[in-house]
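Containing TSV, C-alpha atoms: target_18.tsv.
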```tsv
chain	number	residue	atom	x	y	z
A	289	MET	CA	0.00	0.00	0.00
A	290	SER	CA	1.54	3.30	-1.01
A	291	GLU	CA	1.70	6.29	1.27
A	292	PRO	CA	-0.87	9.03	0.52
A	293	GLN	CA	0.65	11.98	-1.31
A	294	PHE	CA	-1.23	14.62	0.71
A	295	LEU	CA	0.71	14.02	3.94
A	296	PRO	CA	2.60	17.04	5.28
A	297	GLN	CA	6.37	17.01	4.95
A	298	VAL	CA	6.86	16.04	8.60
A	299	ALA	CA	4.72	12.90	8.29
A	300	ARG	CA	6.53	9.74	7.27
A	301	ARG	CA	6.36	5.99	7.56
A	302	ASP	CA	8.45	4.64	10.38
A	303	PRO	CA	8.97	0.89	10.86
A	304	MET	CA	9.31	1.20	14.63
A	305	SER	CA	5.95	2.85	15.20
A	306	ASN	CA	3.72	2.10	12.23
A	307	PRO	CA	1.47	3.20	10.74
A	308	LEU	CA	2.50	6.82	10.98
A	309	VAL	CA	4.69	9.11	13.03
A	310	MET	CA	4.22	12.85	12.90
A	311	GLY	CA	7.38	14.84	13.49
A	312	LYS	CA	9.82	13.10	15.79
A	313	SER	CA	11.76	9.95	14.95
A	314	SER	CA	10.98	6.64	16.58
A	315	GLN	CA	13.65	6.99	19.24
A	316	GLU	CA	12.59	10.54	20.06
A	317	PHE	CA	8.99	9.31	20.33
A	318	LEU	CA	10.02	6.51	22.68
A	319	ASP	CA	12.03	8.94	24.79
A	320	LEU	CA	8.95	11.16	25.26
A	321	ALA	CA	7.43	8.48	27.50
A	322	GLN	CA	10.32	8.96	29.93
A	323	GLU	CA	10.12	12.73	30.24
A	324	PRO	CA	8.91	14.08	33.58
A	325	VAL	CA	5.34	15.37	33.69
A	326	ASP	CA	4.08	18.05	36.05
A	327	ILE	CA	1.00	16.22	37.29
A	328	SER	CA	-0.45	19.45	38.71
A	329	GLN	CA	-1.25	20.49	35.13
A	330	TYR	CA	-3.79	17.67	35.02
A	331	ALA	CA	-5.62	18.34	38.27
A	332	GLY	CA	-9.08	16.82	38.45
A	333	THR	CA	-8.41	14.10	35.89
A	334	PHE	CA	-8.29	10.36	36.37
A	335	TYR	CA	-4.69	10.60	35.13
A	336	GLU	CA	-3.80	12.78	38.11
A	337	GLU	CA	-5.98	10.78	40.53
A	338	VAL	CA	-4.16	7.48	39.91
A	339	GLY	CA	-0.67	8.98	39.98
A	340	GLY	CA	0.11	10.07	36.42
A	341	ARG	CA	2.86	8.87	34.15
A	342	ALA	CA	4.48	6.50	36.63
A	343	VAL	CA	1.27	4.48	37.02
A	344	PHE	CA	0.56	4.20	33.30
A	345	ALA	CA	4.20	3.31	32.60
A	346	GLN	CA	4.02	0.56	35.23
A	347	LEU	CA	0.64	-0.68	33.96
A	348	THR	CA	1.94	-1.07	30.42
A	349	LYS	CA	5.23	-2.58	31.63
A	350	ASN	CA	3.26	-5.16	33.65
A	351	PHE	CA	0.97	-5.88	30.69
A	352	TYR	CA	3.75	-6.45	28.17
A	353	ALA	CA	5.77	-8.53	30.63
A	354	SER	CA	2.75	-10.82	30.93
A	355	VAL	CA	2.26	-10.90	27.14
A	356	ALA	CA	5.93	-11.81	26.65
A	357	GLU	CA	5.44	-14.91	28.82
A	358	ASP	CA	2.46	-16.12	26.75
A	359	GLU	CA	3.99	-17.88	23.73
A	360	ASP	CA	0.70	-18.25	21.82
A	361	PHE	CA	-0.59	-14.74	22.39
A	362	ARG	CA	2.85	-13.16	21.88
A	363	ARG	CA	2.53	-14.07	18.19
A	364	MET	CA	-0.13	-11.36	17.88
A	365	TYR	CA	2.67	-8.78	18.25
A	366	PRO	CA	4.87	-8.60	15.14
A	367	GLU	CA	7.67	-6.52	16.68
A	368	GLN	CA	10.57	-8.46	18.20
A	369	ASP	CA	10.93	-5.79	20.87
A	370	LEU	CA	7.69	-5.08	22.77
A	371	HIS	CA	9.00	-1.80	24.19
A	372	PRO	CA	7.71	0.39	21.31
A	373	ALA	CA	4.24	-1.15	21.70
A	374	GLN	CA	4.46	-0.54	25.45
A	375	VAL	CA	5.26	3.13	24.90
A	376	ARG	CA	2.47	3.58	22.35
A	377	LEU	CA	-0.04	2.07	24.78
A	378	GLN	CA	1.32	4.10	27.69
A	379	LEU	CA	1.07	7.40	25.83
A	380	PHE	CA	-2.36	6.53	24.46
A	381	LEU	CA	-3.67	5.70	27.95
A	382	GLU	CA	-2.14	8.82	29.47
A	383	GLN	CA	-3.95	10.92	26.89
A	384	TYR	CA	-7.23	8.99	27.19
A	385	TRP	CA	-7.31	9.50	30.96
A	386	GLY	CA	-6.66	13.23	30.82
A	387	GLY	CA	-2.87	13.46	30.75
A	388	PRO	CA	-0.47	14.78	28.12
A	389	THR	CA	-1.59	14.64	24.49
A	390	THR	CA	1.77	13.33	23.32
A	391	PHE	CA	0.19	10.35	21.56
A	392	SER	CA	-1.99	12.38	19.19
A	393	GLU	CA	0.64	15.06	18.69
A	394	HIS	CA	3.04	12.48	17.29
A	395	ARG	CA	0.85	9.64	16.02
A	396	GLY	CA	-2.36	11.40	15.02
A	397	HIS	CA	-5.86	10.39	16.08
A	398	PRO	CA	-5.83	7.08	17.99
A	399	ARG	CA	-8.19	5.33	15.51
A	400	LEU	CA	-8.11	2.16	17.59
A	401	ARG	CA	-10.24	0.04	15.26
A	402	MET	CA	-8.19	1.05	12.24
A	403	ARG	CA	-4.88	0.39	13.98
A	404	HIS	CA	-6.05	-3.09	15.01
A	405	HIS	CA	-7.90	-4.19	11.87
A	406	ASN	CA	-4.93	-6.23	10.56
A	407	TYR	CA	-4.98	-8.43	13.65
A	408	PRO	CA	-7.65	-11.14	13.83
A	409	ILE	CA	-9.29	-10.58	17.19
A	410	ASN	CA	-11.94	-13.13	18.12
A	411	SER	CA	-13.47	-13.66	21.56
A	412	HIS	CA	-10.59	-15.96	22.59
A	413	TYR	CA	-7.87	-13.40	21.84
A	414	ARG	CA	-10.01	-10.61	23.27
A	415	ASP	CA	-10.34	-12.54	26.52
A	416	VAL	CA	-6.63	-13.45	26.62
A	417	TRP	CA	-5.77	-9.77	26.12
A	418	LEU	CA	-8.14	-8.83	28.93
A	419	GLY	CA	-6.60	-11.48	31.18
A	420	HIS	CA	-3.15	-9.97	30.69
A	421	MET	CA	-4.49	-6.46	31.27
A	422	ASN	CA	-6.39	-7.46	34.41
A	423	LYS	CA	-3.24	-9.13	35.75
A	424	ALA	CA	-1.34	-5.89	35.06
A	425	ILE	CA	-4.01	-3.86	36.86
A	426	ASP	CA	-3.90	-6.22	39.85
A	427	GLN	CA	-0.13	-5.73	40.14
A	428	LEU	CA	-0.64	-1.97	40.55
A	429	GLU	CA	-2.58	-2.47	43.79
A	430	LEU	CA	-4.76	0.57	43.08
A	431	PRO	CA	-7.76	1.45	45.23
A	432	MET	CA	-10.74	-0.67	44.15
A	433	LEU	CA	-12.66	2.14	42.43
A	434	GLN	CA	-9.66	3.13	40.32
A	435	ALA	CA	-8.91	-0.48	39.38
A	436	GLU	CA	-12.55	-1.09	38.45
A	437	THR	CA	-12.64	2.11	36.38
A	438	LEU	CA	-9.70	0.81	34.36
A	439	ARG	CA	-11.22	-2.68	34.05
A	440	ASP	CA	-14.51	-1.25	32.80
A	441	TYR	CA	-12.76	0.80	30.13
A	442	PHE	CA	-10.59	-2.10	28.96
A	443	GLU	CA	-13.57	-4.46	28.86
A	444	ARG	CA	-15.49	-2.08	26.60
A	445	ALA	CA	-12.44	-1.32	24.44
A	446	ALA	CA	-11.58	-5.00	23.98
A	447	HIS	CA	-15.13	-5.83	22.91
A	448	SER	CA	-15.15	-2.95	20.45
A	449	LEU	CA	-11.94	-4.21	18.82
A	450	GLN	CA	-13.17	-7.75	18.24
A	451	ASN	CA	-13.18	-8.05	14.45
A	452	THR	CA	-13.21	-11.77	13.72
A	453	PRO	CA	-16.07	-14.20	14.36
A	454	ASP	CA	-15.45	-17.26	16.47
A	455	THR	CA	-15.18	-20.52	14.55
A	456	MET	CA	-17.14	-23.57	15.52
```

The structure in this file should be written as structure tokens.
Amino acid sequence: MSEPQFLPQVARRDPMSNPLVMGKSSQEFLDLAQEPVDISQYAGTFYEEVGGRAVFAQLTKNFYASVAEDEDFRRMYPEQDLHPAQVRLQLFLEQYWGGPTTFSEHRGHPRLRMRHHNYPINSHYRDVWLGHMNKAIDQLELPMLQAETLRDYFERAAHSLQNTPDTM
């Protein structure tokens, strides 16, 4: 598939963070997830309530560590190194929950269904993904309401991304 010709000069294909990176290179994008964030700028958000960047970084680290141990499910992730996927998820979640908008600034609109359409997600893989995410949430030891808020979101998101019927 060829790249659309109407993309601005700063937009380009990047193998480390497909499908599109706006502006910064892959390494610069990955480094953004490590930069300190002044959590006071996000007062009143769920992002601030749970503890900001550190919590979302740990959540995604926990999640991808669990995925890495699951030989069957790990095949769903084409990258050899899961760290770029971890950073993309971290920055997406930070933005979704009211934190920095780094994800959209550098990757464009999240378009979750579009970004996942190449991966066959049936109820089995949806549930395996949710199992890894729930394990990651458990490891955070958040207050019950915060943990359940995350679980509710991930449950709805996982169901919305299911794109392949179950076979008999």

Find the residues near A:Asp369: any atom within 12 Å, counting only C-alpha atoms, skip ones fewer than 4 places away on the same chain, and give them as an MDAnalysis selection string. chainID A and resid 304:305 352:353 355:356 362 365 373:375

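Note that the spacing between atom CA of A:Pro431 and atom CA of A:Asn350 amounts to 17.3 Å.
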
Using all atoms listed in the file, can you tell me which of A:Gln346, A:Gln450, A:Pro372, A:Glu367 comes closest to A:Asp319?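 Using all atoms listed in the file, A:Asp319 sits closest to A:Pro372.
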
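Atom pair atom CA of A:Gln329 / atom CA of A:Gln434 has a distance of 20.0 Å (rounded to one decimal).
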
Could you jot down the atom CA of A:Ile327 to atom CA of A:Leu438 separation for me, Å, one decimal place?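 Going from atom CA of A:Ile327 over to atom CA of A:Leu438, I get 19.0 Å.
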
Determine, counting all atoms listed in the file, which protein, DNA and RNA residues have an atom within 6 Å of an atom of stretch 406-418 of chain A; residues of the same chain fewer than 2 positions away are not included. Present the result as a PyMOL selection string. chain A and resi 404+420-422+446+450-454

The selected residues should be written to file as a PDB file, in the coordinates of the input (atoms: C-alpha atoms).
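Full text of selection16.pdb as output:
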```pdb
ATOM      1  CA  HIS A 404      -6.050  -3.090  15.010  1.00  0.00           C
ATOM      2  CA  HIS A 420      -3.150  -9.970  30.690  1.00  0.00           C
ATOM      3  CA  MET A 421      -4.490  -6.460  31.270  1.00  0.00           C
ATOM      4  CA  ASN A 422      -6.390  -7.460  34.410  1.00  0.00           C
ATOM      5  CA  ALA A 446     -11.580  -5.000  23.980  1.00  0.00           C
ATOM      6  CA  GLN A 450     -13.170  -7.750  18.240  1.00  0.00           C
ATOM      7  CA  ASN A 451     -13.180  -8.050  14.450  1.00  0.00           C
ATOM      8  CA  THR A 452     -13.210 -11.770  13.720  1.00  0.00           C
ATOM      9  CA  PRO A 453     -16.070 -14.200  14.360  1.00  0.00           C
ATOM     10  CA  ASP A 454     -15.450 -17.260  16.470  1.00  0.00           C
TER      11      ASP A 454
END
```

Which is closer to A:Ala331 than all the others in A:Pro366, A:Asp426, A:Pro388, A:Glu443, using all atoms listed in the file?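 So, comparing all the options, the nearest one is A:Pro388.
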
Selected residue, from A:Thr455, A:Tyr335, A:His447, A:Phe380, that lies nearest to A:Arg395 when counting all atoms listed in the file: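 Checking each candidate against A:Arg395, we get A:Phe380 as the closest.
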
Identify, on the basis of only C-alpha atoms, every residue whose closest approach to A:Phe344 does not exceed 9 Å; exclude the query and any residue fewer than 5 positions from it along the same chain; express the result as a list in words. Tyr335, Val338, Gly339, Lys349, Leu377, Gln378, Leu379, Leu381 and Glu382 of chain A

Pick from A:Leu449, A:Glu436, A:Asp360, A:Ile425, whichever lies nearest to A:Arg399 using only C-alpha atoms: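 For A:Arg399, the nearest of the given residues is A:Leu449.
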
Counting only C-alpha atoms, which residues have an atom no more than 10 Å from (9.0, 11.2, 33.5) in the file's coordinates? Please list them as a compact mmCIF listing (two decimals) with C-alpha atoms, in the frame of the given file.
```
# COMPACT_ATOMS: atom_id res chain seq x y z
CA ASP A 319 12.03 8.94 24.79
CA LEU A 320 8.95 11.16 25.26
CA ALA A 321 7.43 8.48 27.50
CA GLN A 322 10.32 8.96 29.93
CA GLU A 323 10.12 12.73 30.24
CA PRO A 324 8.91 14.08 33.58
CA VAL A 325 5.34 15.37 33.69
CA ASP A 326 4.08 18.05 36.05
CA GLY A 340 0.11 10.07 36.42
CA ARG A 341 2.86 8.87 34.15
CA ALA A 342 4.48 6.50 36.63
CA ALA A 345 4.20 3.31 32.60
```

Compare A:Met364, A:Leu370, A:Ala435, A:Leu430 by their minimum atom-to-atom distance to A:Phe351, counting all atoms listed in the file, and give me the closest one. A:Leu370
